[in-house]
>>> print(open('final_13.cif').read())   # mmCIF, N, CA and C atoms
data_final
#
loop_
_atom_site.group_PDB
_atom_site.id
_atom_site.type_symbol
_atom_site.label_atom_id
_atom_site.label_comp_id
_atom_site.auth_asym_id
_atom_site.auth_seq_id
_atom_site.Cartn_x
_atom_site.Cartn_y
_atom_site.Cartn_z
ATOM 1 N N MET A 1 -6.049 17.746 0.722
ATOM 2 C CA MET A 1 -4.776 17.079 0.886
ATOM 3 C C MET A 1 -4.353 16.473 -0.448
ATOM 4 N N HIS A 2 -3.085 16.458 -0.692
ATOM 5 C CA HIS A 2 -2.563 15.911 -1.937
ATOM 6 C C HIS A 2 -1.447 14.922 -1.633
ATOM 7 N N PRO A 3 -1.106 14.088 -2.613
ATOM 8 C CA PRO A 3 -0.002 13.142 -2.414
ATOM 9 C C PRO A 3 1.328 13.905 -2.353
ATOM 10 N N PRO A 4 2.400 13.242 -1.958
ATOM 11 C CA PRO A 4 3.709 13.917 -1.943
ATOM 12 C C PRO A 4 4.025 14.509 -3.319
ATOM 13 N N LEU A 5 4.523 15.723 -3.313
ATOM 14 C CA LEU A 5 4.745 16.442 -4.569
ATOM 15 C C LEU A 5 6.146 16.182 -5.115
ATOM 16 N N THR A 6 6.402 14.940 -5.470
ATOM 17 C CA THR A 6 7.678 14.588 -6.071
ATOM 18 C C THR A 6 7.502 14.582 -7.584
ATOM 19 N N LEU A 7 8.421 15.227 -8.261
ATOM 20 C CA LEU A 7 8.297 15.398 -9.710
ATOM 21 C C LEU A 7 8.411 14.081 -10.468
ATOM 22 N N HIS A 8 9.223 13.162 -9.981
ATOM 23 C CA HIS A 8 9.409 11.906 -10.709
ATOM 24 C C HIS A 8 8.166 11.013 -10.634
ATOM 25 N N ARG A 9 7.315 11.193 -9.635
ATOM 26 C CA ARG A 9 6.104 10.376 -9.529
ATOM 27 C C ARG A 9 4.931 10.988 -10.289
ATOM 28 N N HIS A 10 5.030 12.265 -10.614
ATOM 29 C CA HIS A 10 3.934 12.957 -11.302
ATOM 30 C C HIS A 10 4.475 13.765 -12.484
ATOM 31 N N PRO A 11 4.965 13.082 -13.511
ATOM 32 C CA PRO A 11 5.562 13.816 -14.636
ATOM 33 C C PRO A 11 4.560 14.681 -15.401
ATOM 34 N N MET A 12 3.287 14.267 -15.428
ATOM 35 C CA MET A 12 2.288 15.062 -16.149
ATOM 36 C C MET A 12 2.015 16.403 -15.462
ATOM 37 N N CYS A 13 2.238 16.463 -14.170
ATOM 38 C CA CYS A 13 1.896 17.652 -13.390
ATOM 39 C C CYS A 13 3.128 18.414 -12.904
ATOM 40 N N ALA A 14 4.284 18.127 -13.462
ATOM 41 C CA ALA A 14 5.539 18.699 -12.964
ATOM 42 C C ALA A 14 5.526 20.224 -12.980
ATOM 43 N N GLU A 15 5.044 20.804 -14.042
ATOM 44 C CA GLU A 15 5.047 22.265 -14.158
ATOM 45 C C GLU A 15 4.160 22.906 -13.088
ATOM 46 N N ILE A 16 2.997 22.362 -12.875
ATOM 47 C CA ILE A 16 2.076 22.912 -11.879
ATOM 48 C C ILE A 16 2.635 22.700 -10.468
ATOM 49 N N ILE A 17 3.280 21.571 -10.233
ATOM 50 C CA ILE A 17 3.892 21.310 -8.922
ATOM 51 C C ILE A 17 4.959 22.357 -8.630
ATOM 52 N N GLU A 18 5.797 22.636 -9.623
ATOM 53 C CA GLU A 18 6.849 23.643 -9.433
ATOM 54 C C GLU A 18 6.256 25.015 -9.145
ATOM 55 N N GLN A 19 5.194 25.387 -9.872
ATOM 56 C CA GLN A 19 4.539 26.674 -9.630
ATOM 57 C C GLN A 19 3.939 26.725 -8.229
ATOM 58 N N PHE A 20 3.323 25.627 -7.807
ATOM 59 C CA PHE A 20 2.692 25.554 -6.488
ATOM 60 C C PHE A 20 3.737 25.672 -5.377
ATOM 61 N N GLN A 21 4.847 24.963 -5.531
ATOM 62 C CA GLN A 21 5.910 25.032 -4.527
ATOM 63 C C GLN A 21 6.540 26.423 -4.486
ATOM 64 N N LYS A 22 6.687 27.042 -5.657
ATOM 65 C CA LYS A 22 7.234 28.400 -5.717
ATOM 66 C C LYS A 22 6.280 29.381 -5.035
ATOM 67 N N CYS A 23 4.987 29.195 -5.250
ATOM 68 C CA CYS A 23 3.995 30.054 -4.611
ATOM 69 C C CYS A 23 4.099 29.946 -3.086
ATOM 70 N N HIS A 24 4.281 28.729 -2.595
ATOM 71 C CA HIS A 24 4.397 28.542 -1.149
ATOM 72 C C HIS A 24 5.676 29.194 -0.609
ATOM 73 N N LEU A 25 6.753 29.154 -1.395
ATOM 74 C CA LEU A 25 7.993 29.796 -0.963
ATOM 75 C C LEU A 25 7.894 31.321 -1.020
ATOM 76 N N ASP A 26 7.239 31.827 -2.067
ATOM 77 C CA ASP A 26 7.111 33.280 -2.245
ATOM 78 C C ASP A 26 6.119 33.900 -1.259
ATOM 79 N N HIS A 27 5.160 33.143 -0.802
ATOM 80 C CA HIS A 27 4.102 33.667 0.075
ATOM 81 C C HIS A 27 3.969 32.782 1.321
ATOM 82 N N PRO A 28 4.958 32.864 2.243
ATOM 83 C CA PRO A 28 4.942 31.946 3.384
ATOM 84 C C PRO A 28 3.734 32.116 4.319
ATOM 85 N N TYR A 29 3.165 33.307 4.390
ATOM 86 C CA TYR A 29 2.005 33.513 5.267
ATOM 87 C C TYR A 29 0.714 33.630 4.476
ATOM 88 N N ALA A 30 0.800 34.219 3.290
ATOM 89 C CA ALA A 30 -0.400 34.410 2.472
ATOM 90 C C ALA A 30 -0.949 33.079 1.969
ATOM 91 N N LYS A 31 -0.107 32.044 1.927
ATOM 92 C CA LYS A 31 -0.577 30.730 1.480
ATOM 93 C C LYS A 31 -1.677 30.203 2.393
ATOM 94 N N PHE A 32 -1.670 30.643 3.645
ATOM 95 C CA PHE A 32 -2.704 30.207 4.584
ATOM 96 C C PHE A 32 -4.029 30.931 4.366
ATOM 97 N N PHE A 33 -3.987 32.018 3.600
ATOM 98 C CA PHE A 33 -5.188 32.810 3.359
ATOM 99 C C PHE A 33 -5.650 32.747 1.908
ATOM 100 N N GLY A 34 -5.219 31.718 1.180
ATOM 101 C CA GLY A 34 -5.743 31.466 -0.152
ATOM 102 C C GLY A 34 -4.940 32.011 -1.309
ATOM 103 N N GLU A 35 -3.724 32.425 -1.077
ATOM 104 C CA GLU A 35 -2.898 32.982 -2.155
ATOM 105 C C GLU A 35 -2.611 31.938 -3.243
ATOM 106 N N CYS A 36 -2.442 30.688 -2.850
ATOM 107 C CA CYS A 36 -2.063 29.638 -3.793
ATOM 108 C C CYS A 36 -3.225 28.693 -4.125
ATOM 109 N N THR A 37 -4.435 29.100 -3.804
ATOM 110 C CA THR A 37 -5.594 28.225 -3.981
ATOM 111 C C THR A 37 -5.845 27.887 -5.447
ATOM 112 N N ASP A 38 -5.671 28.848 -6.345
ATOM 113 C CA ASP A 38 -5.900 28.580 -7.774
ATOM 114 C C ASP A 38 -4.954 27.497 -8.288
ATOM 115 N N LEU A 39 -3.705 27.578 -7.863
ATOM 116 C CA LEU A 39 -2.742 26.549 -8.269
ATOM 117 C C LEU A 39 -3.089 25.202 -7.648
ATOM 118 N N LYS A 40 -3.587 25.210 -6.430
ATOM 119 C CA LYS A 40 -3.994 23.967 -5.766
ATOM 120 C C LYS A 40 -5.131 23.309 -6.530
ATOM 121 N N ILE A 41 -6.083 24.097 -7.013
ATOM 122 C CA ILE A 41 -7.206 23.566 -7.792
ATOM 123 C C ILE A 41 -6.695 22.965 -9.100
ATOM 124 N N LYS A 42 -5.772 23.664 -9.774
ATOM 125 C CA LYS A 42 -5.178 23.137 -11.009
ATOM 126 C C LYS A 42 -4.430 21.835 -10.732
ATOM 127 N N LEU A 43 -3.730 21.802 -9.611
ATOM 128 C CA LEU A 43 -2.968 20.621 -9.239
ATOM 129 C C LEU A 43 -3.892 19.435 -8.983
ATOM 130 N N ASP A 44 -4.986 19.668 -8.285
ATOM 131 C CA ASP A 44 -5.952 18.597 -8.031
ATOM 132 C C ASP A 44 -6.541 18.058 -9.335
ATOM 133 N N LYS A 45 -6.869 18.949 -10.263
ATOM 134 C CA LYS A 45 -7.411 18.516 -11.558
ATOM 135 C C LYS A 45 -6.372 17.701 -12.327
ATOM 136 N N CYS A 46 -5.140 18.137 -12.269
ATOM 137 C CA CYS A 46 -4.068 17.420 -12.964
ATOM 138 C C CYS A 46 -3.879 16.029 -12.365
ATOM 139 N N PHE A 47 -3.915 15.935 -11.038
ATOM 140 C CA PHE A 47 -3.785 14.626 -10.390
ATOM 141 C C PHE A 47 -4.927 13.702 -10.785
ATOM 142 N N ARG A 48 -6.131 14.247 -10.901
ATOM 143 C CA ARG A 48 -7.271 13.417 -11.315
ATOM 144 C C ARG A 48 -7.085 12.911 -12.736
ATOM 145 N N GLN A 49 -6.621 13.786 -13.631
ATOM 146 C CA GLN A 49 -6.375 13.375 -15.019
ATOM 147 C C GLN A 49 -5.279 12.317 -15.073
ATOM 148 N N GLU A 50 -4.223 12.529 -14.308
ATOM 149 C CA GLU A 50 -3.117 11.581 -14.284
ATOM 150 C C GLU A 50 -3.588 10.221 -13.769
ATOM 151 N N LYS A 51 -4.414 10.232 -12.749
ATOM 152 C CA LYS A 51 -4.931 8.988 -12.194
ATOM 153 C C LYS A 51 -5.815 8.271 -13.208
ATOM 154 N N ALA A 52 -6.621 9.022 -13.962
ATOM 155 C CA ALA A 52 -7.483 8.410 -14.979
ATOM 156 C C ALA A 52 -6.640 7.734 -16.061
ATOM 157 N N VAL A 53 -5.557 8.370 -16.469
ATOM 158 C CA VAL A 53 -4.665 7.788 -17.485
ATOM 159 C C VAL A 53 -4.032 6.504 -16.957
ATOM 160 N N LYS A 54 -3.561 6.544 -15.708
ATOM 161 C CA LYS A 54 -2.945 5.348 -15.116
ATOM 162 C C LYS A 54 -3.972 4.233 -14.953
ATOM 163 N N ARG A 55 -5.188 4.602 -14.545
ATOM 164 C CA ARG A 55 -6.241 3.599 -14.356
ATOM 165 C C ARG A 55 -6.558 2.905 -15.676
ATOM 166 N N LYS A 56 -6.634 3.682 -16.758
ATOM 167 C CA LYS A 56 -6.934 3.114 -18.066
ATOM 168 C C LYS A 56 -5.808 2.176 -18.518
ATOM 169 N N ALA A 57 -4.564 2.583 -18.307
ATOM 170 C CA ALA A 57 -3.419 1.748 -18.693
ATOM 171 C C ALA A 57 -3.409 0.454 -17.885
ATOM 172 N N ASN A 58 -3.686 0.552 -16.595
ATOM 173 C CA ASN A 58 -3.717 -0.644 -15.754
ATOM 174 C C ASN A 58 -4.838 -1.579 -16.171
ATOM 175 N N PHE A 59 -5.984 -1.023 -16.551
ATOM 176 C CA PHE A 59 -7.109 -1.839 -16.990
ATOM 177 C C PHE A 59 -6.762 -2.582 -18.269
ATOM 178 N N GLU A 60 -6.146 -1.908 -19.215
ATOM 179 C CA GLU A 60 -5.736 -2.549 -20.471
ATOM 180 C C GLU A 60 -4.722 -3.660 -20.198
ATOM 181 N N GLU A 61 -3.800 -3.402 -19.307
ATOM 182 C CA GLU A 61 -2.797 -4.418 -18.968
ATOM 183 C C GLU A 61 -3.452 -5.623 -18.300
ATOM 184 N N SER A 62 -4.422 -5.372 -17.437
ATOM 185 C CA SER A 62 -5.097 -6.489 -16.762
ATOM 186 C C SER A 62 -5.930 -7.304 -17.751
ATOM 187 N N LYS A 63 -6.516 -6.643 -18.764
ATOM 188 C CA LYS A 63 -7.265 -7.376 -19.794
ATOM 189 C C LYS A 63 -6.341 -8.320 -20.555
ATOM 190 N N LYS A 64 -5.154 -7.844 -20.908
ATOM 191 C CA LYS A 64 -4.193 -8.685 -21.627
ATOM 192 C C LYS A 64 -3.766 -9.866 -20.765
ATOM 193 N N LEU A 65 -3.508 -9.614 -19.501
ATOM 194 C CA LEU A 65 -3.104 -10.682 -18.593
ATOM 195 C C LEU A 65 -4.220 -11.705 -18.425
ATOM 196 N N LYS A 66 -5.450 -11.237 -18.322
ATOM 197 C CA LYS A 66 -6.594 -12.129 -18.166
ATOM 198 C C LYS A 66 -6.770 -13.006 -19.408
ATOM 199 N N GLU A 67 -6.632 -12.412 -20.589
ATOM 200 C CA GLU A 67 -6.742 -13.180 -21.829
ATOM 201 C C GLU A 67 -5.648 -14.244 -21.909
ATOM 202 N N ARG A 68 -4.431 -13.873 -21.524
ATOM 203 C CA ARG A 68 -3.326 -14.822 -21.545
ATOM 204 C C ARG A 68 -3.557 -15.962 -20.564
ATOM 205 N N LEU A 69 -4.084 -15.640 -19.400
ATOM 206 C CA LEU A 69 -4.376 -16.652 -18.391
ATOM 207 C C LEU A 69 -5.478 -17.595 -18.867
ATOM 208 N N GLN A 70 -6.517 -17.051 -19.489
ATOM 209 C CA GLN A 70 -7.594 -17.896 -20.008
ATOM 210 C C GLN A 70 -7.086 -18.826 -21.099
ATOM 211 N N ALA A 71 -6.219 -18.323 -21.968
ATOM 212 C CA ALA A 71 -5.641 -19.165 -23.017
ATOM 213 C C ALA A 71 -4.799 -20.283 -22.411
ATOM 214 N N TYR A 72 -4.045 -19.966 -21.388
ATOM 215 C CA TYR A 72 -3.229 -20.977 -20.712
ATOM 216 C C TYR A 72 -4.114 -22.044 -20.067
ATOM 217 N N ARG A 73 -5.182 -21.609 -19.403
ATOM 218 C CA ARG A 73 -6.090 -22.566 -18.761
ATOM 219 C C ARG A 73 -6.777 -23.456 -19.806
ATOM 220 N N LYS A 74 -7.178 -22.859 -20.922
ATOM 221 C CA LYS A 74 -7.830 -23.631 -21.988
ATOM 222 C C LYS A 74 -6.856 -24.667 -22.541
ATOM 223 N N GLU A 75 -5.629 -24.256 -22.747
ATOM 224 C CA GLU A 75 -4.612 -25.161 -23.260
ATOM 225 C C GLU A 75 -4.344 -26.292 -22.257
ATOM 226 N N ALA A 76 -4.283 -25.958 -20.970
ATOM 227 C CA ALA A 76 -4.040 -26.968 -19.938
ATOM 228 C C ALA A 76 -5.206 -27.947 -19.869
ATOM 229 N N THR A 77 -6.431 -27.463 -19.978
ATOM 230 C CA THR A 77 -7.615 -28.328 -19.951
ATOM 231 C C THR A 77 -7.631 -29.257 -21.156
ATOM 232 N N GLU A 78 -7.295 -28.747 -22.318
ATOM 233 C CA GLU A 78 -7.274 -29.561 -23.533
ATOM 234 C C GLU A 78 -6.182 -30.636 -23.441
ATOM 235 N N SER A 79 -5.044 -30.299 -22.869
ATOM 236 C CA SER A 79 -3.984 -31.299 -22.767
ATOM 237 C C SER A 79 -4.327 -32.370 -21.754
ATOM 238 N N GLU A 80 -5.115 -32.035 -20.724
ATOM 239 C CA GLU A 80 -5.562 -33.050 -19.755
ATOM 240 C C GLU A 80 -6.571 -33.991 -20.393
ATOM 241 N N ASN A 81 -7.440 -33.449 -21.241
ATOM 242 C CA ASN A 81 -8.465 -34.269 -21.897
ATOM 243 C C ASN A 81 -7.859 -35.228 -22.904
ATOM 244 N N VAL A 82 -6.753 -34.877 -23.516
ATOM 245 C CA VAL A 82 -6.099 -35.715 -24.502
ATOM 246 C C VAL A 82 -5.516 -36.965 -23.834
ATOM 247 N N MET A 83 -5.022 -36.803 -22.655
ATOM 248 C CA MET A 83 -4.381 -37.937 -21.961
ATOM 249 C C MET A 83 -5.426 -38.897 -21.535
#
>>> encode(input="final_13.cif", output="structure tokens")
Amino acid sequence: MHPPLTLHRHPMCAEIIEQFQKCHLDHPYAKFFGECTDLKIKLDKCFRQEKAVKRKANFEESKKLKERLQAYRKEATESENVM
């Protein structure tokens, strides 16, 4: 099973999605017997790569947010101690 094949949500895999959808249109019955399996495998690999890229970007963003939050907490603690 794969996520919805919308091109705007998966820009890295757009070409493979189009090929996969075309295969399903060109082979309405053969798709059930493995005609489009190679494209499905490529699509799954592309989705995994895309997810890894997004995961890495989200991790970097969370590190920056965590550092900013720690700096804010340190600053707040120091200002409380001064009073």
>>> atom_distance(input="final_13.cif", atom1="CA of Thr37 (chain A)", atom2="atom N of Ala57 (chain A)")
29.4 Å
>>> atom_distance(input="final_13.cif", atom1="CA of Ala52 (chain A)", atom2="atom C of Cys13 (chain A)")
14.7 Å
>>> residues_around(input="final_13.cif", residues="region 30-36 of chain A", least_positions_apart="6", cutoff="8 Å", atoms="only C-alpha atoms", output="list in words")
Phe20, Cys23 and His24 of chain A
>>> residues_near_point(input="final_13.cif", point="(-2.0, 15.4, -14.7)", cutoff="5 Å", atoms="all atoms listed in the file", output="CSV table (one decimal) with N, CA and C atoms, in the frame of the given file")
chain,number,residue,atom,x,y,z
A,12,MET,N,3.3,14.3,-15.4
A,12,MET,CA,2.3,15.1,-16.1
A,12,MET,C,2.0,16.4,-15.5
A,13,CYS,N,2.2,16.5,-14.2
A,13,CYS,CA,1.9,17.7,-13.4
A,13,CYS,C,3.1,18.4,-12.9
A,46,CYS,N,-5.1,18.1,-12.3
A,46,CYS,CA,-4.1,17.4,-13.0
A,46,CYS,C,-3.9,16.0,-12.4
A,47,PHE,N,-3.9,15.9,-11.0
A,47,PHE,CA,-3.8,14.6,-10.4
A,47,PHE,C,-4.9,13.7,-10.8
A,49,GLN,N,-6.6,13.8,-13.6
A,49,GLN,CA,-6.4,13.4,-15.0
A,49,GLN,C,-5.3,12.3,-15.1
A,50,GLU,N,-4.2,12.5,-14.3
A,50,GLU,CA,-3.1,11.6,-14.3
A,50,GLU,C,-3.6,10.2,-13.8
>>> atom_distance(input="final_13.cif", atom1="CA of Glu60 (chain A)", atom2="CA of Tyr72 (chain A)")
18.6 Å
>>> residues_around(input="final_13.cif", residues="Ile16 (chain A)", least_positions_apart="4", cutoff="8 Å", atoms="all atoms listed in the file", output="VMD selection string")
chain A and resid 12 20 to 22 39 to 40 42 to 43
>>> residues_around(input="final_13.cif", residues="Leu5 (chain A)", least_positions_apart="3", cutoff="8 Å", atoms="only N, CA and C atoms", output="tab-separated table (two decimals) with N, CA and C atoms, in the coordinates of the input")
chain	number	residue	atom	x	y	z
A	2	HIS	N	-3.08	16.46	-0.69
A	2	HIS	CA	-2.56	15.91	-1.94
A	2	HIS	C	-1.45	14.92	-1.63
A	8	HIS	N	9.22	13.16	-9.98
A	8	HIS	CA	9.41	11.91	-10.71
A	8	HIS	C	8.17	11.01	-10.63
A	9	ARG	N	7.32	11.19	-9.64
A	9	ARG	CA	6.10	10.38	-9.53
A	9	ARG	C	4.93	10.99	-10.29
A	10	HIS	N	5.03	12.26	-10.61
A	10	HIS	CA	3.93	12.96	-11.30
A	10	HIS	C	4.47	13.76	-12.48
A	17	ILE	N	3.28	21.57	-10.23
A	17	ILE	CA	3.89	21.31	-8.92
A	17	ILE	C	4.96	22.36	-8.63
A	18	GLU	N	5.80	22.64	-9.62
A	18	GLU	CA	6.85	23.64	-9.43
A	18	GLU	C	6.26	25.02	-9.14
>>> closest_residue(input="final_13.cif", among="A:Pro3, A:Arg73, A:His27, A:Glu61", to="Arg48 (chain A)", atoms="only C-alpha atoms")
A:Pro3
>>> select_by_dssp(input="final_13.cif", residues="chain A", states="helix (DSSP H, G or I)", output="PyMOL selection string")
chain A and resi 11-26+30-33+37-82
>>> axis_aligned_box(input="final_13.cif", around="region 53-63 of chain A", padding_each_side="4 Å", output="JSON")
{"center_x": -5.0, "center_y": 0.0, "center_z": -17.5, "size_x": 12.5, "size_y": 24.7, "size_z": 14.2}
